[in-house]
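A.B. asks: So I've got this file, target_12.txt, and it contains compact mmCIF, C-alpha atoms and all ligand atoms:
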# COMPACT_ATOMS: atom_id res chain seq x y z
CA MET Q 1 -34.27 51.88 -54.20
CA ALA Q 2 -33.87 55.64 -54.85
CA THR Q 3 -33.28 57.63 -51.67
CA ALA Q 4 -36.19 59.40 -50.06
CA THR Q 5 -35.67 63.03 -49.01
CA GLN Q 6 -36.71 64.28 -45.59
CA SER Q 7 -37.91 67.56 -44.08
CA LYS Q 8 -39.41 68.44 -40.68
CA GLY Q 9 -43.17 67.79 -40.60
CA LYS Q 10 -45.73 69.68 -38.51
CA ALA Q 11 -45.39 67.36 -35.53
CA GLY Q 12 -41.62 67.85 -35.56
CA LYS Q 13 -41.08 64.34 -36.94
CA GLU Q 14 -39.21 63.82 -40.21
CA LYS Q 15 -41.60 64.01 -43.17
CA THR Q 16 -40.39 62.03 -46.14
CA THR Q 17 -40.93 62.74 -49.82
CA PHE Q 18 -40.87 59.36 -51.48
CA PRO Q 19 -39.72 58.86 -55.07
CA LYS Q 20 -41.93 57.28 -57.74
CA GLU Q 21 -39.91 54.07 -57.47
CA THR Q 22 -41.03 53.57 -53.86
CA TYR Q 23 -44.72 54.09 -54.68
CA MET Q 24 -44.45 51.63 -57.56
CA PHE Q 25 -42.73 49.08 -55.30
CA TRP Q 26 -45.51 49.46 -52.72
CA TYR Q 27 -48.22 49.08 -55.35
CA GLU Q 28 -46.71 46.05 -56.99
CA SER Q 29 -45.75 44.20 -53.80
CA MET Q 30 -49.09 44.87 -52.07
CA GLN Q 31 -51.01 43.83 -55.17
CA LEU Q 32 -48.97 40.59 -55.37
CA MET Q 33 -49.73 39.79 -51.71
CA ARG Q 34 -53.44 40.56 -52.24
CA LYS Q 35 -53.96 38.65 -55.49
CA PHE Q 36 -51.93 35.66 -54.30
CA GLU Q 37 -54.01 35.38 -51.14
CA GLU Q 38 -57.33 35.92 -52.92
CA LYS Q 39 -56.34 32.87 -54.95
CA CYS Q 40 -55.41 31.01 -51.74
CA GLY Q 41 -58.92 31.66 -50.43
CA GLN Q 42 -60.45 30.12 -53.59
CA LEU Q 43 -58.08 27.15 -53.50
CA TYR Q 44 -58.90 26.51 -49.86
CA GLY Q 45 -62.60 26.36 -50.78
CA MET Q 46 -61.68 23.77 -53.42
CA GLN Q 47 -59.73 21.78 -50.78
CA LYS Q 48 -56.52 22.17 -52.78
CA ILE Q 49 -55.01 23.89 -49.73
CA ARG Q 50 -55.82 22.13 -46.47
CA GLY Q 51 -55.25 22.60 -42.76
CA PHE Q 52 -54.83 26.10 -41.35
CA CYS Q 53 -54.75 29.12 -43.65
CA HIS Q 54 -54.61 32.65 -42.20
CA LEU Q 55 -54.90 35.41 -44.78
CA TYR Q 56 -53.14 38.80 -44.53
CA ILE Q 57 -55.60 40.65 -46.79
CA GLY Q 58 -55.92 44.26 -45.54
CA GLN Q 59 -52.59 44.24 -43.68
CA GLU Q 60 -50.28 44.48 -46.72
CA ALA Q 61 -48.88 47.95 -45.91
CA CYS Q 62 -47.33 46.50 -42.71
CA ALA Q 63 -44.92 44.52 -44.88
CA ALA Q 64 -44.48 46.76 -47.94
CA GLY Q 65 -43.84 49.98 -45.97
CA ALA Q 66 -41.21 48.28 -43.82
CA ILE Q 67 -39.31 46.62 -46.68
CA SER Q 68 -38.77 49.93 -48.47
CA ALA Q 69 -37.13 51.28 -45.28
CA LEU Q 70 -34.70 48.37 -44.83
CA THR Q 71 -31.85 46.56 -46.58
CA LYS Q 72 -31.48 43.03 -47.95
CA GLU Q 73 -29.21 42.12 -44.99
CA ASP Q 74 -31.99 42.74 -42.47
CA LYS Q 75 -33.85 39.79 -40.94
CA TRP Q 76 -37.54 38.95 -40.60
CA ILE Q 77 -39.57 36.71 -38.37
CA THR Q 78 -43.33 36.56 -37.86
CA ALA Q 79 -46.23 34.43 -36.61
CA TYR Q 80 -48.47 32.16 -38.69
CA ARG Q 81 -50.08 34.88 -40.87
CA ASP Q 82 -46.99 34.50 -42.97
CA HIS Q 83 -47.61 34.04 -46.72
CA ALA Q 84 -47.36 37.72 -47.61
CA HIS Q 85 -44.07 38.75 -45.96
CA PRO Q 86 -41.85 36.41 -48.01
CA LEU Q 87 -43.70 37.30 -51.23
CA ALA Q 88 -42.97 40.97 -50.58
CA LEU Q 89 -39.34 40.11 -49.78
CA GLY Q 90 -38.96 38.41 -53.15
CA THR Q 91 -39.57 34.71 -52.45
CA SER Q 92 -40.95 33.07 -55.57
CA PRO Q 93 -44.77 32.72 -55.51
CA ASN Q 94 -44.21 29.20 -56.91
CA ALA Q 95 -42.31 28.14 -53.78
CA VAL Q 96 -44.94 29.64 -51.44
CA MET Q 97 -47.89 28.13 -53.33
CA ALA Q 98 -46.22 24.71 -53.53
CA GLU Q 99 -45.69 24.85 -49.76
CA LEU Q 100 -49.38 25.60 -49.25
CA TYR Q 101 -50.16 22.53 -51.38
CA GLY Q 102 -47.72 20.43 -49.29
CA LYS Q 103 -45.57 19.73 -52.34
CA VAL Q 104 -41.87 18.90 -52.27
CA THR Q 105 -41.01 22.00 -54.33
CA GLY Q 106 -42.36 24.23 -51.55
CA CYS Q 107 -40.04 26.56 -49.63
CA SER Q 108 -40.14 24.18 -46.62
CA LYS Q 109 -40.12 21.09 -48.84
CA GLY Q 110 -43.83 20.57 -48.32
CA LYS Q 111 -43.46 19.76 -44.62
CA GLY Q 112 -44.34 23.13 -43.14
CA GLY Q 113 -47.52 24.24 -44.85
CA SER Q 114 -49.27 27.58 -44.40
CA MET Q 115 -47.89 28.46 -40.95
CA HIS Q 116 -44.25 27.55 -41.65
CA ILE Q 117 -43.10 29.44 -44.71
CA PHE Q 118 -39.31 29.93 -44.63
CA ASP Q 119 -36.71 31.48 -46.92
CA LYS Q 120 -33.13 31.45 -45.72
CA GLU Q 121 -31.85 33.31 -48.79
CA ARG Q 122 -34.12 36.25 -48.05
CA ASN Q 123 -33.46 36.15 -44.28
CA PHE Q 124 -37.06 35.18 -43.61
CA PHE Q 125 -37.05 33.03 -40.46
CA GLY Q 126 -40.71 31.92 -40.56
CA GLY Q 127 -43.68 31.31 -39.94
CA HIS Q 128 -44.46 30.27 -36.26
CA GLY Q 129 -47.70 28.69 -35.06
CA ILE Q 130 -47.33 29.13 -31.29
CA VAL Q 131 -48.56 32.60 -30.38
CA GLY Q 132 -45.60 34.68 -29.14
CA ALA Q 133 -42.99 31.95 -29.71
CA GLN Q 134 -41.18 33.92 -32.40
CA ILE Q 135 -40.61 36.96 -30.15
CA PRO Q 136 -37.61 35.63 -28.16
CA LEU Q 137 -36.35 33.98 -31.38
CA GLY Q 138 -36.39 37.38 -33.09
CA ALA Q 139 -34.46 38.89 -30.17
CA GLY Q 140 -31.98 36.02 -30.44
CA ILE Q 141 -31.44 36.51 -34.18
CA ALA Q 142 -30.76 40.20 -33.53
CA PHE Q 143 -28.47 39.35 -30.61
CA ALA Q 144 -26.35 37.22 -32.98
CA ASP Q 145 -25.95 40.21 -35.32
CA LYS Q 146 -24.87 42.44 -32.45
CA TYR Q 147 -22.47 39.76 -31.18
CA ASN Q 148 -20.99 39.30 -34.66
CA LYS Q 149 -20.81 43.08 -35.15
CA ASN Q 150 -23.10 43.02 -38.21
CA LYS Q 151 -25.15 46.11 -38.94
CA ALA Q 152 -28.36 44.15 -39.64
CA VAL Q 153 -31.67 44.82 -37.92
CA THR Q 154 -34.30 42.16 -37.18
CA MET Q 155 -37.98 42.83 -37.79
CA CYS Q 156 -39.91 40.78 -35.25
CA TYR Q 157 -43.64 40.81 -36.05
CA MET Q 158 -46.44 39.56 -33.82
CA GLY Q 159 -50.19 39.94 -33.43
CA ASP Q 160 -51.96 41.93 -30.71
CA GLY Q 161 -52.82 38.63 -29.00
CA ALA Q 162 -49.14 37.84 -28.49
CA VAL Q 163 -48.43 40.84 -26.24
CA ARG Q 164 -50.30 39.20 -23.36
CA GLN Q 165 -47.75 36.36 -23.39
CA GLY Q 166 -44.88 36.23 -20.90
CA ALA Q 167 -42.40 35.61 -23.71
CA PHE Q 168 -43.13 39.10 -25.10
CA HIS Q 169 -42.26 40.78 -21.80
CA GLU Q 170 -39.15 38.72 -21.18
CA ALA Q 171 -37.85 39.41 -24.69
CA LEU Q 172 -38.52 43.16 -24.45
CA ASN Q 173 -36.80 43.38 -21.09
CA LEU Q 174 -33.56 41.72 -22.19
CA ALA Q 175 -33.57 43.36 -25.63
CA MET Q 176 -33.60 46.80 -24.03
CA LEU Q 177 -31.10 45.88 -21.33
CA TRP Q 178 -28.66 44.55 -23.91
CA LYS Q 179 -29.50 47.13 -26.63
CA ILE Q 180 -30.29 44.44 -29.18
CA PRO Q 181 -30.94 45.69 -32.77
CA VAL Q 182 -34.50 44.38 -33.04
CA ILE Q 183 -37.70 46.17 -34.05
CA PHE Q 184 -40.70 44.61 -32.31
CA VAL Q 185 -43.80 45.14 -34.43
CA ILE Q 186 -47.26 44.51 -33.04
CA GLU Q 187 -49.66 44.12 -35.95
CA ASN Q 188 -52.72 45.31 -34.05
CA ASN Q 189 -55.63 44.21 -36.23
CA GLY Q 190 -58.03 44.58 -33.32
CA TYR Q 191 -58.62 40.89 -32.66
CA ALA Q 192 -56.94 37.72 -31.48
CA MET Q 193 -59.17 35.13 -33.16
CA GLY Q 194 -62.61 36.44 -32.04
CA THR Q 195 -61.40 38.32 -28.94
CA SER Q 196 -61.06 42.08 -29.25
CA VAL Q 197 -58.03 43.84 -27.75
CA LYS Q 198 -60.33 45.59 -25.26
CA ARG Q 199 -61.36 42.25 -23.77
CA THR Q 200 -57.81 41.11 -22.99
CA SER Q 201 -56.39 43.93 -20.82
CA ASN Q 202 -56.94 47.47 -19.52
CA VAL Q 203 -53.92 48.48 -21.65
CA THR Q 204 -55.27 48.93 -25.17
CA ASP Q 205 -52.70 51.44 -26.48
CA LEU Q 206 -50.29 48.60 -27.05
CA TYR Q 207 -47.25 50.73 -27.90
CA THR Q 208 -47.24 51.98 -24.27
CA LEU Q 209 -46.17 48.49 -23.17
CA GLY Q 210 -42.66 49.60 -24.18
CA ASP Q 211 -42.66 52.11 -21.27
CA ALA Q 212 -42.27 49.29 -18.75
CA TYR Q 213 -38.87 48.49 -20.27
CA ASP Q 214 -37.79 52.05 -21.07
CA MET Q 215 -38.09 51.17 -24.76
CA PRO Q 216 -38.85 53.84 -27.38
CA SER Q 217 -42.24 53.10 -28.90
CA GLU Q 218 -44.90 54.64 -31.11
CA PRO Q 219 -48.27 53.93 -32.72
CA VAL Q 220 -48.30 53.84 -36.54
CA ASP Q 221 -51.15 54.17 -39.04
CA ALA Q 222 -50.33 50.93 -40.83
CA MET Q 223 -53.06 51.31 -43.45
CA ASN Q 224 -50.56 53.72 -45.03
CA PRO Q 225 -47.13 52.46 -46.18
CA GLU Q 226 -45.67 55.99 -45.96
CA ASP Q 227 -46.22 56.08 -42.19
CA VAL Q 228 -44.94 52.52 -41.81
CA HIS Q 229 -41.76 53.34 -43.78
CA GLU Q 230 -41.04 56.44 -41.70
CA ALA Q 231 -41.50 54.69 -38.36
CA VAL Q 232 -39.37 51.71 -39.40
CA ALA Q 233 -36.64 53.99 -40.81
CA ARG Q 234 -36.47 55.86 -37.48
CA ALA Q 235 -36.33 52.61 -35.49
CA ALA Q 236 -33.73 51.03 -37.81
CA GLY Q 237 -31.57 54.16 -37.55
CA ARG Q 238 -31.55 53.86 -33.76
CA ALA Q 239 -30.83 50.11 -33.89
CA ARG Q 240 -27.90 50.53 -36.31
CA ASN Q 241 -26.58 53.31 -34.11
CA GLY Q 242 -26.25 50.93 -31.18
CA GLU Q 243 -29.27 52.39 -29.36
CA GLY Q 244 -31.19 49.11 -29.27
CA PRO Q 245 -34.79 48.10 -29.86
CA THR Q 246 -38.04 49.92 -30.63
CA LEU Q 247 -41.63 48.80 -30.15
CA LEU Q 248 -43.97 49.81 -32.97
CA GLU Q 249 -47.73 49.32 -32.82
CA PHE Q 250 -48.94 49.00 -36.41
CA ARG Q 251 -52.66 49.83 -36.40
CA THR Q 252 -54.08 47.66 -39.14
CA TYR Q 253 -57.07 45.48 -40.01
CA ARG Q 254 -57.73 42.09 -41.54
CA TYR Q 255 -60.66 41.99 -43.95
CA LYS Q 256 -61.05 38.21 -43.81
CA GLY Q 257 -61.76 35.99 -40.80
CA HIS Q 258 -59.06 34.82 -38.41
CA SER Q 259 -58.60 31.68 -40.51
CA MET Q 260 -60.73 30.07 -43.19
CA SER Q 261 -63.35 28.79 -40.74
CA ASP Q 262 -64.48 31.91 -38.89
CA PRO Q 263 -68.15 33.04 -38.87
CA GLN Q 264 -66.96 36.52 -37.69
CA LYS Q 265 -69.79 37.09 -35.21
CA TYR Q 266 -67.53 39.31 -33.08
CA ARG Q 267 -67.54 42.26 -35.50
CA SER Q 268 -69.97 44.15 -37.72
CA LYS Q 269 -69.95 44.33 -41.51
CA ASP Q 270 -69.88 48.14 -41.16
CA GLU Q 271 -66.61 47.95 -39.25
CA VAL Q 272 -65.01 45.89 -42.04
CA GLU Q 273 -66.38 48.31 -44.68
CA GLU Q 274 -64.98 51.29 -42.79
CA TYR Q 275 -61.45 49.90 -43.06
CA LYS Q 276 -61.91 48.92 -46.70
CA GLN Q 277 -62.53 52.62 -47.40
CA ARG Q 278 -58.91 53.16 -46.33
CA ASP Q 279 -57.53 50.23 -48.29
CA PRO Q 280 -53.72 50.64 -48.56
CA ILE Q 281 -53.59 49.47 -52.18
CA GLU Q 282 -56.30 51.94 -53.22
CA VAL Q 283 -54.60 54.76 -51.29
CA VAL Q 284 -51.29 54.13 -53.07
CA ARG Q 285 -52.99 53.62 -56.44
CA GLN Q 286 -54.75 56.98 -56.13
CA LYS Q 287 -51.54 58.79 -55.13
CA ILE Q 288 -49.74 57.30 -58.14
CA LEU Q 289 -52.48 58.49 -60.47
CA ASP Q 290 -52.97 61.92 -58.85
CA ARG Q 291 -49.26 62.65 -58.99
CA LYS Q 292 -49.02 61.24 -62.53
CA MET Q 293 -46.33 58.72 -61.58
CA ALA Q 294 -48.05 56.17 -63.83
CA THR Q 295 -51.23 55.85 -65.88
CA GLU Q 296 -54.27 53.58 -65.39
CA LYS Q 297 -52.88 51.56 -68.28
CA ASP Q 298 -49.49 51.11 -66.59
CA LEU Q 299 -51.17 49.90 -63.39
CA GLU Q 300 -53.42 47.56 -65.38
CA ALA Q 301 -50.29 46.05 -66.97
CA ILE Q 302 -48.82 45.45 -63.47
CA ASP Q 303 -52.09 43.83 -62.34
CA GLN Q 304 -52.08 41.53 -65.37
CA LYS Q 305 -48.44 40.54 -64.77
CA ILE Q 306 -49.28 39.67 -61.15
CA LEU Q 307 -52.36 37.63 -62.11
CA GLY Q 308 -50.09 35.71 -64.51
CA GLN Q 309 -47.56 35.04 -61.73
CA VAL Q 310 -50.32 33.78 -59.43
CA GLU Q 311 -51.76 31.49 -62.12
CA GLU Q 312 -48.27 30.19 -62.84
CA SER Q 313 -47.74 29.43 -59.12
CA VAL Q 314 -50.95 27.36 -59.05
CA LYS Q 315 -49.87 25.40 -62.14
CA PHE Q 316 -46.44 24.84 -60.60
CA ALA Q 317 -47.95 23.59 -57.31
CA GLU Q 318 -50.48 21.35 -59.10
CA GLU Q 319 -47.77 19.74 -61.22
CA SER Q 320 -45.24 19.27 -58.40
CA PRO Q 321 -44.94 15.93 -56.58
CA TYR Q 322 -45.64 15.34 -52.87
CA PRO Q 323 -42.58 14.67 -50.69
CA ASP Q 324 -41.48 11.06 -50.43
CA ALA Q 325 -42.54 9.35 -47.18
CA SER Q 326 -38.91 8.32 -46.62
CA ASP Q 327 -38.01 12.03 -46.26
CA ALA Q 328 -40.46 12.63 -43.41
CA LEU Q 329 -37.77 12.96 -40.72
CA LYS Q 330 -35.16 14.74 -42.84
CA HIS Q 331 -34.38 18.44 -42.21
CA THR Q 332 -36.12 18.35 -38.84
CA TYR Q 333 -33.06 18.49 -36.59
CA MET Q 334 -29.49 19.58 -37.38
CA GLN Q 335 -28.24 16.26 -35.98
CA GLU Q 336 -28.42 13.86 -38.95
CA ASP Q 337 -28.76 10.71 -36.80
CA TYR Q 338 -31.28 12.20 -34.34
CA PRO Q 339 -32.79 9.27 -32.38
CA PHE Q 340 -36.47 9.64 -33.35
CA ILE Q 341 -38.92 7.37 -31.54
CA LEU Q 342 -40.48 5.60 -34.49
CA ASP Q 343 -43.05 3.28 -32.89
C1 LIG G 401 -49.61 29.68 -27.13
C2 LIG G 401 -50.81 29.62 -28.01
N1 LIG G 401 -52.03 29.81 -27.46
C3 LIG G 401 -53.14 29.78 -28.23
C4 LIG G 401 -53.04 29.52 -29.58
C5 LIG G 401 -54.28 29.51 -30.45
N2 LIG G 401 -54.31 30.71 -31.26
C6 LIG G 401 -53.95 30.67 -32.55
S1 LIG G 401 -54.05 32.16 -33.25
C7 LIG G 401 -54.56 32.91 -31.86
C8 LIG G 401 -54.86 34.38 -31.84
C9 LIG G 401 -53.68 35.26 -31.96
O1 LIG G 401 -54.07 36.54 -32.37
P1 LIG G 401 -53.08 37.69 -32.74
O2 LIG G 401 -51.81 37.52 -31.97
O3 LIG G 401 -53.79 38.99 -32.55
O4 LIG G 401 -52.72 37.46 -34.28
P2 LIG G 401 -53.65 37.61 -35.58
O5 LIG G 401 -54.29 36.29 -35.80
O6 LIG G 401 -54.63 38.69 -35.32
O7 LIG G 401 -52.70 37.93 -36.69
C10 LIG G 401 -54.67 31.98 -30.84
C11 LIG G 401 -55.12 32.30 -29.48
C12 LIG G 401 -51.74 29.32 -30.12
N3 LIG G 401 -51.55 29.10 -31.41
N4 LIG G 401 -50.65 29.40 -29.31
MG MG G 402 -54.72 40.23 -33.95
How would this structure read if it were set down as structure tokens?
Ligand SMILES: Cc1ncc(C[n+]2csc(CCOP(=O)(O)OP(=O)(O)O)c2C)c(N)n1
Ligand SMILES: [Mg+2]
C.D. replies:
Amino acid sequence: MATATQSKGKAGKEKTTFPKETYMFWYESMQLMRKFEEKCGQLYGMQKIRGFCHLYIGQEACAAGAISALTKEDKWITAYRDHAHPLALGTSPNAVMAELYGKVTGCSKGKGGSMHIFDKERNFFGGHGIVGAQIPLGAGIAFADKYNKNKAVTMCYMGDGAVRQGAFHEALNLAMLWKIPVIFVIENNGYAMGTSVKRTSNVTDLYTLGDAYDMPSEPVDAMNPEDVHEAVARAAGRARNGEGPTLLEFRTYRYKGHSMSDPQKYRSKDEVEEYKQRDPIEVVRQKILDRKMATEKDLEAIDQKILGQVEESVKFAEESPYPDASDALKHTYMQEDYPFILD
């Protein structure tokens, strides 16, 4: 990606001028995440996708803005709202859709489903269903890079609900003590299922939780990929410099319910509409047009290409076989002859 140039902004922080290439990457990747998941919603209604299905719609800038600030060697781990991150990292939509269908061609061979998307080639370490469980894992992945003297940084995403877990505090404490190159990202979308952040603690400015561990931290307007990119670039710079972790609070919003069966009685329609007015895809689209980086026609061509990719992924998933029952216990443990209790 072409290098962004920086100058001092009003607040004294670096203000970046992003090249056209970055805006086009943001538009295309966010639109792929959005269109893919809109299709997932339809397919869930048709019972083609079953079980849990948590959509990321509205939160796309949290992924796109971070990717443009990082390198291909960097690592990623997140919770169960996990279809969009690998798509933005370059995992084939076919492999993600087939996984959602439980087909053998899926990225986890059809055994993981919606909450366990994985892509080793793209350093995407999942997809974790236990709230907060991925936080110490993320610290561990980053510890391995420090130990092996690699320059990689690990992006460790979690929801606002996860920060009330003990695992979060234990991981932050050791990560700071040992100066581990991990960026902890709280995707604060305001709710953990139907429980608002305000109802879970007196501490609602979640980035301040870093203070307890002497960890640099900041809030980020994560409806805007420019702000996300800048915050991640600052944090990654510190991590690569041996200065250790950062805690970022990405302030974001999910337009859809927690999962597919959520009557959403805990919030008003007006609140949802308010955030849609700041939709990250629309914001980027408008900037591209205003600054004449592309025309309406160019963007329409991108949209059509993405719709084609999504349709192709559905066809691929439909036509793929289910895994064979005899493979049920394969790829579960490293130990090939693991003594499973079978009766
Ligand atoms: C340890 C644990 N407790 C409870 C649950 C049930 N649960 C699933 S999602 C969720 C809410 C988490 O919300 P948040 O971390 O804000 O993530 P978001 O869904 O907003 O992305 C809960 C309580 C779980 N999966 N794991
Ligand atoms: Mg949440």
A.B. asks: Which residues are near Glu28 of chain Q? Cut-off 10 Å, all atoms listed in the file, ignore same chain within fewer than 5 positions. Put them as a list of chain:residue names.
C.D. replies: Q:Thr22, Q:Tyr23, Q:Met33, Q:Arg34, Q:Ala64, Q:Ala88, Q:Ile281, Q:Arg285, Q:Leu299, Q:Ile302, Q:Asp303, Q:Lys305, Q:Ile306
A.B. asks: Show me, as lines of an AutoDock Vina configuration file, the centre and edge lengths in Å to one decimal of the axis-aligned box that covers every listed atom of ligand LIG 401 (chain G) with 6 Å on each side.
C.D. replies:
center_x = -52.4
center_y = 34.0
center_z = -31.9
size_x = 17.5
size_y = 21.9
size_z = 21.6
A.B. asks: Between Q:Lys111, Q:Lys72, Q:Lys20, Q:Lys48, which one has atoms that come closest to Tyr322 of chain Q, using only C-alpha atoms?
C.D. replies: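 Counting only C-alpha atoms, the residue closest to Tyr322 of chain Q is Q:Lys111.
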A.B. asks: Show me a table, sorted first by chain and then by increasing residue number, of the residues of chain Q having an atom at most 8 Å from ligand MG 402 (chain G), each with its shortest atom pair and the distance in Å to one decimal, counting all atoms listed in the file and written as CSV.
C.D. replies:
residue,atom,partner,partner_atom,distance
Q:Gly159,CA,G:MG402,MG,4.6
Q:Asp160,CA,G:MG402,MG,4.6
Q:Gly161,CA,G:MG402,MG,5.5
Q:Glu187,CA,G:MG402,MG,6.7
Q:Asn188,CA,G:MG402,MG,5.5
Q:Asn189,CA,G:MG402,MG,4.7
Q:Gly190,CA,G:MG402,MG,5.5
Q:Tyr191,CA,G:MG402,MG,4.2
Q:Ala192,CA,G:MG402,MG,4.2
Q:Met193,CA,G:MG402,MG,6.8
Q:Val197,CA,G:MG402,MG,7.9
A.B. asks: Would you output that residue set with C-alpha atoms, as a PDB file, in the coordinates of the input?
C.D. replies:
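This is the output file selection28.pdb:
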ATOM      1  CA  GLY Q 159     -50.190  39.940 -33.430  1.00  0.00           C
ATOM      2  CA  ASP Q 160     -51.960  41.930 -30.710  1.00  0.00           C
ATOM      3  CA  GLY Q 161     -52.820  38.630 -29.000  1.00  0.00           C
ATOM      4  CA  GLU Q 187     -49.660  44.120 -35.950  1.00  0.00           C
ATOM      5  CA  ASN Q 188     -52.720  45.310 -34.050  1.00  0.00           C
ATOM      6  CA  ASN Q 189     -55.630  44.210 -36.230  1.00  0.00           C
ATOM      7  CA  GLY Q 190     -58.030  44.580 -33.320  1.00  0.00           C
ATOM      8  CA  TYR Q 191     -58.620  40.890 -32.660  1.00  0.00           C
ATOM      9  CA  ALA Q 192     -56.940  37.720 -31.480  1.00  0.00           C
ATOM     10  CA  MET Q 193     -59.170  35.130 -33.160  1.00  0.00           C
ATOM     11  CA  VAL Q 197     -58.030  43.840 -27.750  1.00  0.00           C
TER      12      VAL Q 197
END
A.B. asks: Just give me the gap between atom P1 of ligand LIG 401 (chain G) and atom CA of Ile57 of chain Q in Å, one decimal is fine.
C.D. replies: 14.6 Å
A.B. asks: With all atoms listed in the file as the atoms that count, which of Q:Asp262, Q:Asp205, Q:Asp74, Q:Glu282 lies nearest to Val163 of chain Q?
C.D. replies: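 Among the listed residues, the smallest separation from Val163 of chain Q belongs to Q:Asp205.
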A.B. asks: Would you mind telling me which residue in Q:Asn94, Q:Thr105, Q:Ser68, Q:Gln59 lies nearest to Glu230 of chain Q when using all atoms listed in the file?
C.D. replies: Q:Ser68
A.B. asks: Could you pull out the residues sitting within 10 Å of ligand LIG 401 (chain G), using only C-alpha atoms and all ligand atoms, and write them as number ranges by chain?
C.D. replies: Q: 52, 54-56, 59, 78-82, 128-133, 157-165, 167, 186-197, 252-254, 257-259
A.B. asks: Produce a file of the selected residues containing C-alpha atoms, as a compact mmCIF listing (two decimals), keeping the file's coordinate frame.
C.D. replies:
# COMPACT_ATOMS: atom_id res chain seq x y z
CA PHE Q 52 -54.83 26.10 -41.35
CA HIS Q 54 -54.61 32.65 -42.20
CA LEU Q 55 -54.90 35.41 -44.78
CA TYR Q 56 -53.14 38.80 -44.53
CA GLN Q 59 -52.59 44.24 -43.68
CA THR Q 78 -43.33 36.56 -37.86
CA ALA Q 79 -46.23 34.43 -36.61
CA TYR Q 80 -48.47 32.16 -38.69
CA ARG Q 81 -50.08 34.88 -40.87
CA ASP Q 82 -46.99 34.50 -42.97
CA HIS Q 128 -44.46 30.27 -36.26
CA GLY Q 129 -47.70 28.69 -35.06
CA ILE Q 130 -47.33 29.13 -31.29
CA VAL Q 131 -48.56 32.60 -30.38
CA GLY Q 132 -45.60 34.68 -29.14
CA ALA Q 133 -42.99 31.95 -29.71
CA TYR Q 157 -43.64 40.81 -36.05
CA MET Q 158 -46.44 39.56 -33.82
CA GLY Q 159 -50.19 39.94 -33.43
CA ASP Q 160 -51.96 41.93 -30.71
CA GLY Q 161 -52.82 38.63 -29.00
CA ALA Q 162 -49.14 37.84 -28.49
CA VAL Q 163 -48.43 40.84 -26.24
CA ARG Q 164 -50.30 39.20 -23.36
CA GLN Q 165 -47.75 36.36 -23.39
CA ALA Q 167 -42.40 35.61 -23.71
CA ILE Q 186 -47.26 44.51 -33.04
CA GLU Q 187 -49.66 44.12 -35.95
CA ASN Q 188 -52.72 45.31 -34.05
CA ASN Q 189 -55.63 44.21 -36.23
CA GLY Q 190 -58.03 44.58 -33.32
CA TYR Q 191 -58.62 40.89 -32.66
CA ALA Q 192 -56.94 37.72 -31.48
CA MET Q 193 -59.17 35.13 -33.16
CA GLY Q 194 -62.61 36.44 -32.04
CA THR Q 195 -61.40 38.32 -28.94
CA SER Q 196 -61.06 42.08 -29.25
CA VAL Q 197 -58.03 43.84 -27.75
CA THR Q 252 -54.08 47.66 -39.14
CA TYR Q 253 -57.07 45.48 -40.01
CA ARG Q 254 -57.73 42.09 -41.54
CA GLY Q 257 -61.76 35.99 -40.80
CA HIS Q 258 -59.06 34.82 -38.41
CA SER Q 259 -58.60 31.68 -40.51
A.B. asks: Contacts of Ala222 of chain Q at 10 Å or less, counting only C-alpha atoms, minus same-chain residues fewer than 6 places along, as a VMD selection string?
C.D. replies: chain Q and resid 58 to 63 65 to 66 187 to 189 228 to 229 231 249 to 253 280
A.B. asks: Need to verify the contact set: Phe125 of chain Q, 7 Å, only C-alpha atoms, exclusion of same-chain residues closer than 5 positions in sequence. Can you return it as a list of chain:residue names?
C.D. replies: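 In the requested form, the answer reads Q:Trp76, Q:Ile77, Q:Phe118, Q:Asp119, Q:Lys120.
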A.B. asks: Give the answer as one residue: which of Q:Pro323, Q:Pro93, Q:Pro19, Q:Gly126 has the shortest atom-to-atom distance to Lys109 of chain Q, using only C-alpha atoms?
C.D. replies: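 Answer, going by the shortest atom-to-atom distance: Q:Pro323.
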A.B. asks: In Å, rounded to a single decimal, give me how far atom CA of Ala235 of chain Q is from atom CA of Glu37 of chain Q.
C.D. replies: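 Computing the Euclidean distance for atom CA of Glu37 of chain Q and atom CA of Ala235 of chain Q yields 29.2 Å.
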A.B. asks: Rounded to one decimal, what separation in Å do you get between atom CA of Lys265 of chain Q and atom CA of Cys53 of chain Q?
C.D. replies: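 Computing the Euclidean distance for atom CA of Lys265 of chain Q and atom CA of Cys53 of chain Q yields 19.0 Å.
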A.B. asks: Name the closest residue to Ala171 of chain Q among the candidates Q:Tyr333, Q:Gly237, Q:Phe184, Q:Lys149; distances are taken between atoms, counting all atoms listed in the file.
C.D. replies: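 Of Q:Tyr333, Q:Gly237, Q:Phe184, Q:Lys149, the one nearest Ala171 of chain Q, counting all atoms listed in the file, is Q:Phe184.
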A.B. asks: I want to know what sits within 12 Å of Arg238 of chain Q, based on all atoms listed in the file, with residues of the same chain fewer than 4 positions away left out; could you give that as a list of chain:residue names?
C.D. replies: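 So the residues in contact are Q:Lys151, Q:Ala152, Q:Val153, Q:Lys179, Q:Ile180, Q:Pro181, Q:Val182, Q:Ile183, Q:Met215, Q:Pro216, Q:Ser217, Q:Ala231, Q:Val232, Q:Ala233, Q:Arg234, Q:Gly242, Q:Glu243, Q:Gly244, Q:Pro245, Q:Thr246, Q:Leu247.
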A.B. asks: Taking into account only C-alpha atoms, which residue in the set Q:Asp279, Q:Asn148, Q:Glu273, Q:Ala236 is nearest to Thr71 of chain Q?
C.D. replies: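 Checking each candidate against Thr71 of chain Q, we get Q:Ala236 as the closest.
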